[in-house]
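Student: After the structure tokens below, expect a handful of questions from me.
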Amino acid sequence: LVLAGSSSAFIGSSFVVKKKGLKKAGASGIRAGQGGYGYLKEPLWWIGMISMILGEAANFAAYAFAPAILVTPLGALSIVVSAILAHHFLQERLNVFGMVGCVLCIAGSVSITLHAPEEREMSGVNEVLLLALQPDFLLYALSAVSAALYLMFKVAPKFGKTHIFVNVGICSLFGSLSVISCKALGMAIKMTFEGNNQFGYPATYLCMVIVACCVVIQINYLNKALDLFNSAIVSPIYYVMFTVLVIIASTIMFKEQQTTRQVATQFSGFITIVSGTFILHMTKDMDLTGSIAGFNAKGQGPVAKRRGPEELPILSRETKEEL
């Protein structure tokens, strides 16, 4: 619990610190959202990066020593941390419907995770490799990589600057594969410390290569998403997509038996996530004035209106100026 909680705190704060670093680097060079890498020379970005690394390290340790059904729901805390810090340090705001959407996203994700099937005990990293080579998981892995590559080379150049799901989708697809490899790698390290050396098998090093490649791609496209869109929006959408895809990948790979109640609860959670994401995305252009209910002082409303590009809360200030 301590490892998972500290992981959420580090990761949630890293979104905001990295965003400030990206904004500072973009003011004096090519922005990350346009393909620039000037942020690599920005100390503030590296502070955020170190915070994210510490968070992921704590998360890695938590997965190695505790079941995923306990660790994953606590990832929702990173959204809360990110939203609070973004409110105070980035002046990023969510309207009432956006807040409701975030709550629905978190509730649905927690519901799915709490009722996800538990993973079975593994005898070693080679057993994980055998499961990964099964036709159904190979089909998922190839589909995920193909979809991510299509988004990277076909969709992102045209729609990456205006559609938040493009860059976040790439991160989530590769993230689902990196988590499977991280689980195998964490298990290998844990078993090695227990006296069963797993570093004599090529599968351990294959996991390292997969994790390294996936993490590099995730960092690159997460930076683009943070540079183009508000971190208060990026954080919950990334969490939701990442969590859902990880559960799908784990279920396909480990083939746990599920009861009808589990399936129904997971389906309900998924519908809740879709509803929350839809509300979050579709109401981003609405300007709510007056009361929370959207009525003016005389009770004549609602007074919500669509905004122009210069007022879009989901986009960063620099992106609004370009639009």
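Residues are named by chain letter and number: chains run A, B, ... in the order of the structure tokens, numbers start at 1 in each chain, and ligands are numbered from 1 in the order shown.
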Can you list, as a list in words, every protein, DNA or RNA residue that comes within 7 Å of region 6-18 of chain A when you count only C-alpha atoms, leaving out same-chain residues fewer than 3 positions away?

Tutor: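 What passes the distance filter is Val2, Leu3, Gly21, Leu22, Leu44, Trp45, Gly48, Met49, Ser51, Met52, Leu54, Gly55, Glu56, Ala58, Asn59, Gly75, Leu77, Ser78, Ile79, Val81, Ser82, Leu85, Ala86 and Ser231 of chain A.
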
Student: Next, the residues of the selection above should be written as a JSON list (two decimals), in the first residue's frame with N, CA and C atoms.

Tutor:
[["chain", "number", "residue", "atom", "x", "y", "z"],
["A", 2, "VAL", "N", 1.94, 1.25, 0.81],
["A", 2, "VAL", "CA", 2.84, 2.41, 0.87],
["A", 2, "VAL", "C", 3.53, 2.62, -0.46],
["A", 3, "LEU", "N", 4.00, 1.53, -1.09],
["A", 3, "LEU", "CA", 4.67, 1.63, -2.39],
["A", 3, "LEU", "C", 3.72, 2.16, -3.46],
["A", 21, "GLY", "N", 8.02, 22.24, -17.43],
["A", 21, "GLY", "CA", 9.28, 22.17, -18.16],
["A", 21, "GLY", "C", 9.06, 22.23, -19.67],
["A", 22, "LEU", "N", 8.02, 21.55, -20.15],
["A", 22, "LEU", "CA", 7.70, 21.57, -21.58],
["A", 22, "LEU", "C", 7.30, 22.98, -22.04],
["A", 44, "LEU", "N", 13.85, 21.57, -15.37],
["A", 44, "LEU", "CA", 12.55, 21.33, -14.76],
["A", 44, "LEU", "C", 11.90, 20.07, -15.32],
["A", 45, "TRP", "N", 12.10, 19.83, -16.63],
["A", 45, "TRP", "CA", 11.56, 18.62, -17.23],
["A", 45, "TRP", "C", 12.24, 17.38, -16.63],
["A", 48, "GLY", "N", 10.79, 16.49, -13.32],
["A", 48, "GLY", "CA", 9.55, 15.74, -13.52],
["A", 48, "GLY", "C", 9.82, 14.32, -13.97],
["A", 49, "MET", "N", 10.83, 14.16, -14.82],
["A", 49, "MET", "CA", 11.17, 12.82, -15.31],
["A", 49, "MET", "C", 11.68, 11.94, -14.18],
["A", 51, "SER", "N", 10.92, 12.29, -11.07],
["A", 51, "SER", "CA", 9.75, 11.99, -10.24],
["A", 51, "SER", "C", 8.95, 10.83, -10.83],
["A", 52, "MET", "N", 8.80, 10.82, -12.15],
["A", 52, "MET", "CA", 8.07, 9.73, -12.80],
["A", 52, "MET", "C", 8.83, 8.41, -12.67],
["A", 54, "LEU", "N", 10.89, 7.55, -10.27],
["A", 54, "LEU", "CA", 10.73, 7.09, -8.88],
["A", 54, "LEU", "C", 9.35, 6.47, -8.68],
["A", 55, "GLY", "N", 8.33, 7.10, -9.27],
["A", 55, "GLY", "CA", 6.98, 6.56, -9.17],
["A", 55, "GLY", "C", 6.84, 5.21, -9.83],
["A", 56, "GLU", "N", 7.41, 5.09, -11.03],
["A", 56, "GLU", "CA", 7.34, 3.81, -11.74],
["A", 56, "GLU", "C", 8.15, 2.73, -11.02],
["A", 58, "ALA", "N", 8.59, 2.56, -7.75],
["A", 58, "ALA", "CA", 7.76, 2.15, -6.62],
["A", 58, "ALA", "C", 6.61, 1.26, -7.09],
["A", 59, "ASN", "N", 6.03, 1.61, -8.24],
["A", 59, "ASN", "CA", 4.95, 0.79, -8.80],
["A", 59, "ASN", "C", 5.45, -0.58, -9.20],
["A", 75, "GLY", "N", -3.71, 3.58, -8.48],
["A", 75, "GLY", "CA", -3.20, 4.46, -9.52],
["A", 75, "GLY", "C", -4.11, 5.64, -9.76],
["A", 77, "LEU", "N", -5.14, 7.60, -7.63],
["A", 77, "LEU", "CA", -4.70, 8.71, -6.79],
["A", 77, "LEU", "C", -3.82, 9.67, -7.57],
["A", 78, "SER", "N", -3.13, 9.18, -8.60],
["A", 78, "SER", "CA", -2.28, 10.06, -9.39],
["A", 78, "SER", "C", -3.11, 11.12, -10.11],
["A", 79, "ILE", "N", -4.35, 10.78, -10.47],
["A", 79, "ILE", "CA", -5.23, 11.75, -11.12],
["A", 79, "ILE", "C", -5.59, 12.87, -10.15],
["A", 81, "VAL", "N", -3.85, 13.82, -7.49],
["A", 81, "VAL", "CA", -2.63, 14.62, -7.26],
["A", 81, "VAL", "C", -2.38, 15.56, -8.42],
["A", 82, "SER", "N", -2.49, 15.04, -9.64],
["A", 82, "SER", "CA", -2.25, 15.85, -10.84],
["A", 82, "SER", "C", -3.25, 17.00, -10.94],
["A", 85, "LEU", "N", -2.47, 19.76, -8.20],
["A", 85, "LEU", "CA", -1.27, 20.53, -8.52],
["A", 85, "LEU", "C", -1.46, 21.38, -9.76],
["A", 86, "ALA", "N", -2.17, 20.85, -10.77],
["A", 86, "ALA", "CA", -2.42, 21.63, -11.99],
["A", 86, "ALA", "C", -3.29, 22.85, -11.69],
["A", 231, "SER", "N", -2.99, 19.04, -18.49],
["A", 231, "SER", "CA", -2.60, 17.83, -17.75],
["A", 231, "SER", "C", -3.77, 17.27, -16.95]]

Student: Tell me, as a list in words, which residues lie within 8 Å of Thr277 (chain A), counting only C-alpha atoms; anything in the same chain fewer than 4 positions away does not count.

Tutor: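 The contact residues come out as Gly101, Cys102, Leu104, Cys105, Ile237, Ile273 and His281 of chain A.
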
Student: Go ahead and write the residues just picked, N, CA and C atoms, as a PDB file, in the first residue's frame.

Tutor:
ATOM      1  N   GLY A 101     -17.120  13.752 -15.195  1.00  0.00           N
ATOM      2  CA  GLY A 101     -16.509  12.766 -16.082  1.00  0.00           C
ATOM      3  C   GLY A 101     -15.301  12.101 -15.462  1.00  0.00           C
ATOM      4  N   CYS A 102     -14.462  12.891 -14.779  1.00  0.00           N
ATOM      5  CA  CYS A 102     -13.281  12.330 -14.106  1.00  0.00           C
ATOM      6  C   CYS A 102     -13.693  11.340 -13.020  1.00  0.00           C
ATOM      7  N   LEU A 104     -16.463   9.595 -12.851  1.00  0.00           N
ATOM      8  CA  LEU A 104     -16.987   8.382 -13.485  1.00  0.00           C
ATOM      9  C   LEU A 104     -15.855   7.519 -14.027  1.00  0.00           C
ATOM     10  N   CYS A 105     -14.858   8.153 -14.610  1.00  0.00           N
ATOM     11  CA  CYS A 105     -13.712   7.395 -15.137  1.00  0.00           C
ATOM     12  C   CYS A 105     -12.994   6.638 -14.029  1.00  0.00           C
ATOM     13  N   ILE A 237      -7.621  10.450 -18.620  1.00  0.00           N
ATOM     14  CA  ILE A 237      -7.838   9.672 -19.845  1.00  0.00           C
ATOM     15  C   ILE A 237      -6.739   8.632 -20.014  1.00  0.00           C
ATOM     16  N   ILE A 273     -16.777   3.828 -17.551  1.00  0.00           N
ATOM     17  CA  ILE A 273     -15.588   4.490 -18.085  1.00  0.00           C
ATOM     18  C   ILE A 273     -15.898   5.198 -19.405  1.00  0.00           C
ATOM     19  N   HIS A 281     -14.835  14.480 -22.668  1.00  0.00           N
ATOM     20  CA  HIS A 281     -14.368  14.958 -23.974  1.00  0.00           C
ATOM     21  C   HIS A 281     -15.389  15.875 -24.649  1.00  0.00           C
TER      22      HIS A 281
END

Student: Can you check which parts of region 92-135 of chain A lie within 10 Å of region 259-267 of chain A? Per residue, the shortest pair of atoms and distance in Å to one decimal, counting only C-alpha atoms, sorted by chain and number, as CSV.

Tutor:
residue,atom,partner,partner_atom,distance
A:Gly108,CA,A:Gln266,CA,8.4
A:Ser109,CA,A:Gln266,CA,9.0
A:Val110,CA,A:Gln266,CA,9.7
A:Ser111,CA,A:Gln266,CA,6.8
A:Ile112,CA,A:Gln266,CA,4.6
A:Thr113,CA,A:Gln266,CA,8.0
A:Leu114,CA,A:Gln266,CA,8.9
A:His115,CA,A:Gln262,CA,5.6
A:Ala116,CA,A:Gln262,CA,7.0
A:Pro117,CA,A:Gln262,CA,7.9

Student: How far is it from CA of Ala147 (chain A) to CA of Thr251 (chain A), in Å with one decimal?

Tutor: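 Taking CA of Ala147 (chain A) and CA of Thr251 (chain A), their separation equals 19.4 Å.
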
Student: Name the residues in contact with Ile180 (chain A) at a cut-off of 10 Å, using only C-alpha atoms, excluding same-chain residues fewer than 6 positions from it; report them as a PDB file with N, CA, C and O atoms, in the first residue's frame.

Tutor:
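File result-v7.pdb, as written:
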ATOM      1  N   VAL A 128       6.230 -17.517 -18.353  1.00  0.00           N
ATOM      2  CA  VAL A 128       5.614 -16.294 -18.876  1.00  0.00           C
ATOM      3  C   VAL A 128       5.831 -16.214 -20.387  1.00  0.00           C
ATOM      4  O   VAL A 128       4.929 -15.839 -21.139  1.00  0.00           O
ATOM      5  N   ALA A 132       3.107 -16.003 -23.386  1.00  0.00           N
ATOM      6  CA  ALA A 132       3.127 -14.898 -24.351  1.00  0.00           C
ATOM      7  C   ALA A 132       3.141 -15.394 -25.794  1.00  0.00           C
ATOM      8  O   ALA A 132       2.741 -14.672 -26.703  1.00  0.00           O
ATOM      9  N   GLY A 186       9.859  -8.167 -12.928  1.00  0.00           N
ATOM     10  CA  GLY A 186       9.783  -8.055 -11.474  1.00  0.00           C
ATOM     11  C   GLY A 186       9.788  -9.415 -10.805  1.00  0.00           C
ATOM     12  O   GLY A 186      10.426  -9.614  -9.764  1.00  0.00           O
ATOM     13  N   CYS A 207      12.579  -9.440 -21.989  1.00  0.00           N
ATOM     14  CA  CYS A 207      11.660  -8.568 -21.252  1.00  0.00           C
ATOM     15  C   CYS A 207      12.273  -7.183 -21.038  1.00  0.00           C
ATOM     16  O   CYS A 207      11.583  -6.161 -21.140  1.00  0.00           O
ATOM     17  N   ILE A 210      11.981  -5.232 -24.311  1.00  0.00           N
ATOM     18  CA  ILE A 210      10.595  -4.811 -24.566  1.00  0.00           C
ATOM     19  C   ILE A 210      10.219  -3.639 -23.673  1.00  0.00           C
ATOM     20  O   ILE A 210       9.623  -2.652 -24.132  1.00  0.00           O
ATOM     21  N   VAL A 211      10.581  -3.732 -22.390  1.00  0.00           N
ATOM     22  CA  VAL A 211      10.270  -2.643 -21.458  1.00  0.00           C
ATOM     23  C   VAL A 211      10.958  -1.357 -21.902  1.00  0.00           C
ATOM     24  O   VAL A 211      10.331  -0.282 -21.932  1.00  0.00           O
ATOM     25  N   VAL A 246      -4.487  -2.838 -19.880  1.00  0.00           N
ATOM     26  CA  VAL A 246      -3.679  -3.756 -19.063  1.00  0.00           C
ATOM     27  C   VAL A 246      -4.515  -4.942 -18.600  1.00  0.00           C
ATOM     28  O   VAL A 246      -4.062  -6.095 -18.637  1.00  0.00           O
ATOM     29  N   ALA A 249      -5.118  -7.253 -21.587  1.00  0.00           N
ATOM     30  CA  ALA A 249      -3.909  -8.019 -21.906  1.00  0.00           C
ATOM     31  C   ALA A 249      -3.649  -9.109 -20.871  1.00  0.00           C
ATOM     32  O   ALA A 249      -3.314 -10.250 -21.225  1.00  0.00           O
ATOM     33  N   SER A 250      -3.822  -8.780 -19.587  1.00  0.00           N
ATOM     34  CA  SER A 250      -3.580  -9.768 -18.527  1.00  0.00           C
ATOM     35  C   SER A 250      -4.588 -10.915 -18.595  1.00  0.00           C
ATOM     36  O   SER A 250      -4.233 -12.080 -18.396  1.00  0.00           O
ATOM     37  N   MET A 253      -3.707 -13.174 -21.529  1.00  0.00           N
ATOM     38  CA  MET A 253      -2.464 -13.916 -21.347  1.00  0.00           C
ATOM     39  C   MET A 253      -2.578 -15.008 -20.289  1.00  0.00           C
ATOM     40  O   MET A 253      -2.158 -16.147 -20.510  1.00  0.00           O
TER      41      MET A 253
END

Student: Taking only C-alpha atoms into account, which of A:Leu226, A:Val125, A:Ala83, A:Val103 comes nearest Met208 (chain A)?

Tutor: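 Of A:Leu226, A:Val125, A:Ala83, A:Val103, the one nearest Met208 (chain A), counting only C-alpha atoms, is A:Val125.
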
Student: Please list as a compact mmCIF listing (two decimals) with C-alpha atoms, in the first residue's frame every residue within 12 Å of Gln134 (chain A), counting only C-alpha atoms and excluding residues in the same chain fewer than 5 positions away.

Tutor:
# COMPACT_ATOMS: atom_id res chain seq x y z
CA GLU A 127 6.56 -19.93 -18.20
CA VAL A 128 5.61 -16.29 -18.88
CA LEU A 129 7.31 -16.55 -22.27
CA LEU A 139 -2.90 -11.79 -31.76
CA TYR A 140 -3.48 -9.14 -29.07
CA ALA A 141 0.18 -8.06 -29.09
CA ILE A 252 -5.93 -12.85 -22.43
CA MET A 253 -2.46 -13.92 -21.35
CA PHE A 254 -3.18 -15.63 -18.04
CA LYS A 255 -6.68 -16.95 -18.92

Student: Between CA of Ala4 (chain A) and CA of Ala62 (chain A), what is the spacing in Å?

Tutor: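 Distance between the two atoms: 5.9 Å.
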
Student: Hey, can you check how far CA of Pro236 (chain A) sits from CA of Ile217 (chain A)?

Tutor: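 For CA of Pro236 (chain A) relative to CA of Ile217 (chain A), the distance reads 19.5 Å.
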